[in-house]
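*Asks:* Below you will find the structure I want to go over with you.
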There are 4 protein chains.
Amino acid sequence: MLIVMKPQASEEDIRRVCRKIETMGYRAHPMPGAQRTAVGITGNKGPLEPEEFEILPGVAEVIPVSKPYKLVSREVKNEDSLIHVGPADAGVTFGGRELAIIAGPCVIESREQAFAAAERVRKAGARLFRGGAFKPRTSPYSFQGLGEEALRILAEVRREFGLCIVTETIDPENCDLVEEYADVLQVGARNMQNFSLLKRVGRSPRTVLLKRGMSATLEEFLMAAEYILSEGNYNVILCERGVRTFADHTRNTLDLSVIPAVKRLSHLPIIVDPSHGTGKRDKVIPLARAAVAVGADGLIVEVHPEPEHALSDGYQSLSPDQFEKLMEQVTTIAGVLGRTVEGRQ
Amino acid sequence: MLIVMKPQASEEDIRRVCRKIETMGYRAHPMPGAQRTAVGITGNKGPLEPEEFEILPGVAEVIPVSKPYKLVSREVKNEDSLIHVGPADAGVTFGGRELAIIAGPCVIESREQAFAAAERVRKAGARLFRGGAFKPRTSPYSFQGLGEEALRILAEVRREFGLCIVTETIDPENCDLVEEYADVLQVGARNMQNFSLLKRVGRSPRTVLLKRGMSATLEEFLMAAEYILSEGNYNVILCERGVRTFADHTRNTLDLSVIPAVKRLSHLPIIVDPSHGTGKRDKVIPLARAAVAVGADGLIVEVHPEPEHALSDGYQSLSPDQFEKLMEQVTTIAGVLGRTVEGRQ
Amino acid sequence: MLIVMKPQASEEDIRRVCRKIETMGYRAHPMPGAQRTAVGITGNKGPLEPEEFEILPGVAEVIPVSKPYKLVSREVKNEDSLIHVGPADAGVTFGGRELAIIAGPCVIESREQAFAAAERVRKAGARLFRGGAFKPRTSPYSFQGLGEEALRILAEVRREFGLCIVTETIDPENCDLVEEYADVLQVGARNMQNFSLLKRVGRSPRTVLLKRGMSATLEEFLMAAEYILSEGNYNVILCERGVRTFADHTRNTLDLSVIPAVKRLSHLPIIVDPSHGTGKRDKVIPLARAAVAVGADGLIVEVHPEPEHALSDGYQSLSPDQFEKLMEQVTTIAGVLGRTVEGRQ
Amino acid sequence: MLIVMKPQASEEDIRRVCRKIETMGYRAHPMPGAQRTAVGITGNKGPLEPEEFEILPGVAEVIPVSKPYKLVSREVKNEDSLIHVGPADAGVTFGGRELAIIAGPCVIESREQAFAAAERVRKAGARLFRGGAFKPRTSPYSFQGLGEEALRILAEVRREFGLCIVTETIDPENCDLVEEYADVLQVGARNMQNFSLLKRVGRSPRTVLLKRGMSATLEEFLMAAEYILSEGNYNVILCERGVRTFADHTRNTLDLSVIPAVKRLSHLPIIVDPSHGTGKRDKVIPLARAAVAVGADGLIVEVHPEPEHALSDGYQSLSPDQFEKLMEQVTTIAGVLGRTVEGRQ
């Protein structure tokens with residue numbers, strides 16, 4: 001259920017509605033919008049009586065929500081969410097007319113490697129830098145990242161290059177550390193239904209980048225996001241990164257149709273990862289173009305200063321030159337759709 | 001094995017190589033190229049001795065072919081195949097700089113419906129018209145098409161609107177009839193491994209549009225095309241139309257990564273069907289944009305004059321107005337890639 | 001819609017109902033049962049008026065059929081169908097208390113090979129012999145079977161060993177030839193939605209073994225069977241042979257849950273192919289045991305006198321000794337379920 | 001690499017080998033076997049020199065391990081692992097001749113419900129009791145379990161009925177609590193690649209039941225187990241619970257072929273969950289029979305005293321009467337394979 005307040009409703013009107021909800025034993029989610037505030041209710045088992053709220057001062061209307069996900073739904077919030085990352089006067093916004101591009105190496109290997117990558121991706125127009133500090137790896141014997149040392153390098157990258165930092169957090173405890181350094185907490189595909197982690201990042205002041213699980217349906221994907229919003233963190237960016245199918249010509253099958261499907265059901269921004277989505281370097285640029293053409297709000301791309309020497313995922317990382325080519329091409333495609341790319345004119 | 005002739009090799013040189021191959025009990029496939037002719041060998045069980053051919057006059061080199069598919073492979077023919085459909089002086093070419101767009105209703109319902117669709121898709125720039133005469137339907141009790149009556153209507157459409165005709169053939173016997181009327185014989189996804197049909201269309205003078213099977217790997221897809229080429233018909237256009245996965249937000253999962261994957265391995269053109277690929281009208285335009293952005297050589301799109309009254313697949317058919325919008329958008333995207341759309345300036 | 005006749009209804013009563021249906025422009029399918037006859041109606045677009053039939057003499061009741069498939073449905077025929085193959089006094093019955101086992105090589109290579117296989121599988125208790133004469137192969141360059149020569153060898157096997165013959169037919173024209181020799185026409189997985197072939201075998205006097213397509217849903221599988229029954233051939237045996245998934249430890253993923261699912265919805269017998277279902281010799285016996293335990297009505301197993309020299313599918317064929325072991329084990333499992341295996345006491 | 005000690009090697013010999021490994025900066029995994037001890041090495045990046053170890057006293061041979069997983073591999077330990085749960089003189093062993101059956105409700109709802117279920121499953125022969133205290137649920141608004149209260153009820157069930165307790169742990173921190181109460185820590189399918197949790201249970205004194213992820217390949221499944229063993233906990237039981245495919249007649253597709261595939265590659269026991277594997281009550285018994293027939297070492301089954309009133313998964317829970325029927329049937333099937341079921345004679 002969603003309670004939509006009148007445009008002229010006062011702060012006190014809104015607080016009164018929230019208190020009413022809480023005394024009934026439920027949870028209130030005030031969501032301020034451009035025109036007016038809406039208040040979502042969660043925690044109720046069955047349907048509620050709209051009349052109980054309609055009589056309160058400042059309430060415009062009460063809308064039943066038909067989907068299993070509520071706070072992420074367009075039923076609850078019709079206009080696109082704009083998620084701002086970084087300093088208010090600089091930074092980057094996801095979900096608006098401008099596309100946001102995240103780029104960097106799979107894993108932070110050294111200060112040199114990170115700086116070399118950062119310099120090039122910054123120059124090409126990326127405004128966010130990705131790089132793994134804690135890497136979930138299929139094998140316990142594979143390199144699992146430099147840990148906090150990598151986080152410190154990432155903080156230096158931010159200072160030096162003015163890039164916002166996106167890095168993965170792998171469990172609730174680890175999140176305490178990562179959120180000290182990162183602008184955006186990435187929840188990886190394997191953790192999309194790690195509900196303890198979802199709840200933890202839902203209580204973080206940082207923006208969350210939530211990757212779709214390898215075999216997640218659209219509903220499960222949106223429900224995972226709902227976990228984060230239901231804890232109070234509304235700054236969630238979705239990410240399609242390919243799903244697992246029988247097809248063996250790419251590592252995963254990039255499901256671009258999920259972009260318009262998400263846009264129809266949810267107000268959250270969604271970006272595409274063509275690097276993991278294909279797992280093959282020569283497919284990254286074509287699929288990046290396609291992702292922008294289909295309507296994605298941004299990209300996350302693996303770029304390594306020397307892909308052939310990468311410790312992880314080298315076969316899917318672009319060289320800096322290839323990344324520049326990608327940026328040029330997606331900028332023109334974005335132009336066709338009346339959009340621009342942040343960091344490029 | 002592939003025998004590459006010298007640029008100055010004579011017709012007699014080529015015939016001599018072919019005769020040699022045939023006396024060894026194999027099959028020769030001379031493939032004239034812009035610069036020089038190559039001759040493919042099929043039918044051999046194991047490797048052949050290159051020396052046997054290298055000594056013949058006019059032979060430049062002998063190349064072993066490592067893939068299970070041969071004639072469709074770039075190893076055998078490096079430059080892109082240009083497949084021309086329709087009259088030599090008019091018509092449409094697949095695989096070049098210009099994109100070719102096929103549009104029309106799922107199934108021909110009447111002369112009125114076909115003409116109404118044809119007029120609009122022609123005006124929007126389509127140069128090929130699709131329409132089912134014989135429809136493979138999951139249920140024996142569903143409408144299976146008007147049969148030869150539909151073929152006659154399609155022939156009228158060609159005469160009246162100058163559109164090339166694309167329609168499905170469903171078995172070898174049926175092919176005798178369909179090839180009298182159609183410019184392009186469509187082999188549907190369910191028949192991608194109907195090898196009797198593949199052999200039959202491989203002996204047809206008509207171009208073949210081969211749709212990828214619902215769970216076909218890339219190799220199986222190319223092998224199905226190889227069946228057609230190995231019978232002597234080199235005019236094959238491939239078509240991605242979505243594969244079957246666990247995902248339930250679209251009818252099929254459109255696998256756009258197969259486009260660059262095909263381009264890398266094969267010289268054949270490949271187009272995309274965003275209508276069957278998504279099964280939902282509101283996804284057709286975004287995925288059509290993405291298909292062009294990823295590098296497809298064309299599109300096949302369902303357009304019905306009145307989608308809400310269609311006898312089949314109405315929920316995925318565009319209205320003529322929506323199709324015009326699609327054409328505008330894909331034309332601009334094509335421009336970004338330095339390509340144009342036939343029928344539009 | 002299904003019209004159930006009274007137990008004492010006369011032949012003339014039944015004919016009258018059928019005539020009535022046909023004058024309405026539909027198709028009548030009289031299905032004699034142990035107690036009484038039912039008449040199915042197909043070809044109607046919308047619902048019919050039950051009253052039109054309830055008033056006719058001999059009619060007990062009129063039942064609407066809710067599924068898209070009708071003749072294969074338990075709504076239309078509640079008791080299990082018993083499909084008898086071979087001479088009335090000998091032969092084998094599918095769908096009853098006794099399991100029927102089909103065994104033999106993937107492809108008939110020679111009279112010697114076929115006889116060697118037949119002797120051993122007969123001795124181990126198989127009562128039906130499988131062997132490919134026309135093989136649908138992914139590659140046009142792979143061995144495609146000995147054709148009619150193989151059919152003649154199969155006829156000899158029947159004469160010599162008293163085994164019923166199961167072999168694949170690959171297109172409608174080919175069916176004319178194959179039905180002269182075979183007791184059971186196999187429709188392969190790749191042809192499950194080759195509707196021309198389904199209609200053709202639906203008009204054959206032979207029993208049909210219909211294999212599930214590689215990515216067929218249960219409904220599509222039953223609809224394919226419906227095509228055959230709707231043409232008048234009610235002697236259809238279904239076969240699960242594995243579906244295509246992401247899993248790579250077997251060639252296909254054998255979906256044994258489809259057995260109880262089919263049993264619930266349909267009266268047709270269903271058997272399992274653990275050879276194609278796994279594609280690996282060491283998995284065949286365990287999965288054969290599981291298939292019988294889950295409730296399958298029989299098995300079809302690849303057995304080659306010398307698997308290591310097989311021209312096709314050798315890696316999944318059992319040796320005759322392994323097949324004997326399989327027969328012993330499945331006979332004991334069958335016993336637990338109160339069933340026996342034909343050919344073994 | 002695996003260092004196999006001579007049967008007569010002394011404790012000191014073994015310690016010397018371990019010290020040598022550790023001074024090289026790697027990790028030593030001594031694995032005592034019936035005849036002799038082997039020592040696994042992990043943590044090395046590249047191949048090691050066998051000679052460095054072959055010269056040490058008590059070393060029989062040095063074996064390179066070719067698989068990415070090592071400690072779970074049959075290359076490293078050939079004989080089946082026997083995993084004992086519960087008191088040494090009572091309790092249950094997984095992986096031997098006796099099958100172990102785990103049964104109980106999806107989620108603990110109350111003391112009454114738990115006791116009612118426990119009494120009946122105990123009587124039918126189950127020796128382990130399952131019941132969710134912390135439930136990972138797709139929706140944040142679904143009932144997530146009674147938490148520690150449920151754990152206390154489970155402890156009472158153990159005391160009262162002598163059943164070993166199996167319950168899920170959902171994150172590393174939660175594991176501290178759950179391992180105080182449970183005999184077996186379940187890691188759910190959604191957490192199969194939650195590597196933080198895998199490492200945590202790898203340091204637990206409790207046995208771990210590791211469920212296969214929804215789209216996990218066999219290699220990923222074994223690698224997940226390797227995480228646990230590599231932390232020192234060798235008491236791991238694998239569990240197949242169905243994978244995600246296009247098939248829609250069951251909730252998941254139970255992949256029984258993974259049982260013989262695991263048995264071939266690994267020494268760990270593997271059981272089957274026919275409840276989640278099918279998601280439909282009427283499929284549970286047939287698939288349980290099939291699981292035992294294929295060679296599984298046990299079953300985990302949802303049983304609720306009143307399935308129609310269950311708070312979670314009621315549609316897939318058996319009633320106690322149905323569970324008794326299941327136990328009877330699987331006991332007979334087990335007998336055919338020369339196995340028995342613990343708790344039944």
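For the structure tokens, the naming scheme is as follows: chains receive sequential letters (A, B, ...) according to their order of presentation, residues are indexed from 1 within each chain, and ligands are indexed from 1 in presentation order.
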Run DSSP on the backbone and grab whatever in stretch 133-230 of chain B lands in helix (DSSP H, G or I); send it over as a short mmCIF file (atom, residue, chain, number, x, y, z; two decimals) with C-alpha atoms, in the first residue's frame.

*Replies:*
```cif
data_model
loop_
_atom_site.label_atom_id
_atom_site.label_comp_id
_atom_site.auth_asym_id
_atom_site.auth_seq_id
_atom_site.Cartn_x
_atom_site.Cartn_y
_atom_site.Cartn_z
CA GLU B 148 -1.43 -21.37 -51.62
CA GLU B 149 -4.07 -18.64 -51.48
CA ALA B 150 -1.69 -16.68 -49.26
CA LEU B 151 1.15 -17.29 -51.70
CA ARG B 152 -0.96 -15.79 -54.50
CA ILE B 153 -1.69 -12.75 -52.37
CA LEU B 154 2.03 -12.40 -51.67
CA ALA B 155 2.75 -12.50 -55.41
CA GLU B 156 0.26 -9.67 -55.88
CA VAL B 157 1.97 -7.72 -53.12
CA ARG B 158 5.25 -8.04 -54.99
CA ARG B 159 3.68 -6.85 -58.24
CA GLU B 160 1.78 -4.01 -56.65
CA PHE B 161 4.40 -2.68 -54.23
CA PRO B 172 10.59 -30.61 -48.73
CA GLU B 173 7.39 -31.22 -50.70
CA ASN B 174 5.92 -27.88 -49.67
CA CYS B 175 9.12 -26.23 -50.89
CA ASP B 176 8.19 -27.03 -54.53
CA LEU B 177 5.19 -24.78 -54.17
CA VAL B 178 6.67 -22.02 -52.05
CA GLU B 179 9.72 -21.48 -54.22
CA GLU B 180 7.41 -20.68 -57.17
CA TYR B 181 6.16 -17.61 -55.33
CA ALA B 189 13.47 -22.09 -35.76
CA ARG B 190 11.67 -25.41 -35.17
CA ASN B 191 13.03 -26.70 -38.47
CA PHE B 195 17.92 -31.85 -42.35
CA SER B 196 15.63 -33.05 -45.15
CA LEU B 197 14.29 -29.53 -45.48
CA LEU B 198 17.79 -28.02 -45.28
CA LYS B 199 18.95 -30.27 -48.12
CA ARG B 200 15.88 -29.38 -50.18
CA VAL B 201 16.34 -25.62 -49.86
CA LEU B 218 26.48 -21.34 -32.47
CA GLU B 219 28.16 -24.40 -33.95
CA GLU B 220 24.85 -26.15 -34.60
CA PHE B 221 23.52 -22.97 -36.22
CA LEU B 222 26.49 -22.74 -38.57
CA MET B 223 26.31 -26.47 -39.29
CA ALA B 224 22.67 -26.10 -40.31
CA ALA B 225 23.75 -23.39 -42.77
CA GLU B 226 26.54 -25.68 -43.93
CA TYR B 227 23.89 -28.25 -44.94
CA ILE B 228 22.40 -25.68 -47.33
CA LEU B 229 25.70 -24.51 -48.78
CA SER B 230 26.95 -28.08 -49.15
#
```

*Asks:* Please report as a tab-separated table every residue of chain C lying within 6 Å of chain D, along with the nearest atom pair and their distance in Å (one decimal), using only C-alpha atoms.

*Replies:*
```
residue	atom	partner	partner_atom	distance
C:Thr217	CA	D:Ala247	CA	5.5
C:Ala247	CA	D:Thr217	CA	5.5
C:Pro286	CA	D:Val294	CA	4.6
C:Leu287	CA	D:Val294	CA	5.8
C:Arg289	CA	D:Ala293	CA	5.5
C:Ala290	CA	D:Ala290	CA	4.1
C:Ala293	CA	D:Ala290	CA	4.9
C:Val294	CA	D:Pro286	CA	4.6
```

*Asks:* Quick one: write out the picked residues with N, CA, C and O atoms as a PDB file, in the first residue's frame?

*Replies:*
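Final output, result-v2.pdb:
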```
ATOM      1  N   THR C 217       8.889 -27.749 -23.646  1.00  0.00           N
ATOM      2  CA  THR C 217       8.143 -27.792 -22.392  1.00  0.00           C
ATOM      3  C   THR C 217       7.224 -29.016 -22.421  1.00  0.00           C
ATOM      4  O   THR C 217       6.996 -29.620 -23.465  1.00  0.00           O
ATOM      5  N   ALA C 247      24.146 -27.250 -17.745  1.00  0.00           N
ATOM      6  CA  ALA C 247      24.999 -28.264 -17.098  1.00  0.00           C
ATOM      7  C   ALA C 247      25.869 -28.951 -18.143  1.00  0.00           C
ATOM      8  O   ALA C 247      25.380 -29.328 -19.217  1.00  0.00           O
ATOM      9  N   PRO C 286      23.052 -46.337 -13.990  1.00  0.00           N
ATOM     10  CA  PRO C 286      22.396 -45.649 -12.855  1.00  0.00           C
ATOM     11  C   PRO C 286      21.118 -44.911 -13.259  1.00  0.00           C
ATOM     12  O   PRO C 286      20.103 -44.982 -12.564  1.00  0.00           O
ATOM     13  N   LEU C 287      21.163 -44.238 -14.410  1.00  0.00           N
ATOM     14  CA  LEU C 287      19.964 -43.486 -14.811  1.00  0.00           C
ATOM     15  C   LEU C 287      18.859 -44.409 -15.311  1.00  0.00           C
ATOM     16  O   LEU C 287      17.671 -44.076 -15.197  1.00  0.00           O
ATOM     17  N   ARG C 289      18.248 -47.318 -13.943  1.00  0.00           N
ATOM     18  CA  ARG C 289      17.609 -47.715 -12.671  1.00  0.00           C
ATOM     19  C   ARG C 289      16.654 -46.624 -12.183  1.00  0.00           C
ATOM     20  O   ARG C 289      15.527 -46.885 -11.774  1.00  0.00           O
ATOM     21  N   ALA C 290      17.132 -45.382 -12.226  1.00  0.00           N
ATOM     22  CA  ALA C 290      16.320 -44.268 -11.733  1.00  0.00           C
ATOM     23  C   ALA C 290      15.050 -44.110 -12.569  1.00  0.00           C
ATOM     24  O   ALA C 290      13.982 -43.811 -12.038  1.00  0.00           O
ATOM     25  N   ALA C 293      12.632 -46.630 -11.519  1.00  0.00           N
ATOM     26  CA  ALA C 293      12.162 -46.304 -10.167  1.00  0.00           C
ATOM     27  C   ALA C 293      11.166 -45.154 -10.171  1.00  0.00           C
ATOM     28  O   ALA C 293      10.241 -45.112  -9.368  1.00  0.00           O
ATOM     29  N   VAL C 294      11.326 -44.229 -11.092  1.00  0.00           N
ATOM     30  CA  VAL C 294      10.427 -43.069 -11.108  1.00  0.00           C
ATOM     31  C   VAL C 294       9.080 -43.417 -11.739  1.00  0.00           C
ATOM     32  O   VAL C 294       8.112 -42.681 -11.570  1.00  0.00           O
TER      33      VAL C 294
END
```

*Asks:* Write out as an NGL selection string the residues lying within 9 Å of A:Val121, counting only C-alpha atoms and excluding same-chain residues fewer than 2 positions away.

*Replies:* :A and (102-104 or 116-119 or 123-129 or 303 or 320 or 323-324)

*Asks:* Restrict the selected residues to C-alpha atoms and save them as a CSV table (one decimal), in the first residue's frame.

*Replies:*
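Result file follows (again-v6.csv):
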```csv
chain,number,residue,atom,x,y,z
A,102,ILE,CA,32.3,3.0,-14.7
A,103,ALA,CA,35.6,1.6,-15.8
A,104,GLY,CA,38.8,0.1,-14.4
A,116,ALA,CA,47.8,3.8,-15.0
A,117,ALA,CA,44.2,2.5,-15.6
A,118,ALA,CA,42.7,5.5,-13.8
A,119,GLU,CA,44.5,8.1,-15.8
A,123,LYS,CA,40.9,10.9,-20.0
A,124,ALA,CA,38.4,8.9,-22.0
A,125,GLY,CA,35.5,10.3,-20.0
A,126,ALA,CA,34.8,7.7,-17.3
A,127,ARG,CA,33.7,9.4,-14.0
A,128,LEU,CA,33.7,6.3,-11.9
A,129,PHE,CA,36.5,3.9,-11.3
A,303,VAL,CA,39.8,-1.9,-18.5
A,320,PRO,CA,42.9,1.8,-22.7
A,323,PHE,CA,38.1,1.7,-24.1
A,324,GLU,CA,38.6,5.1,-25.8
```
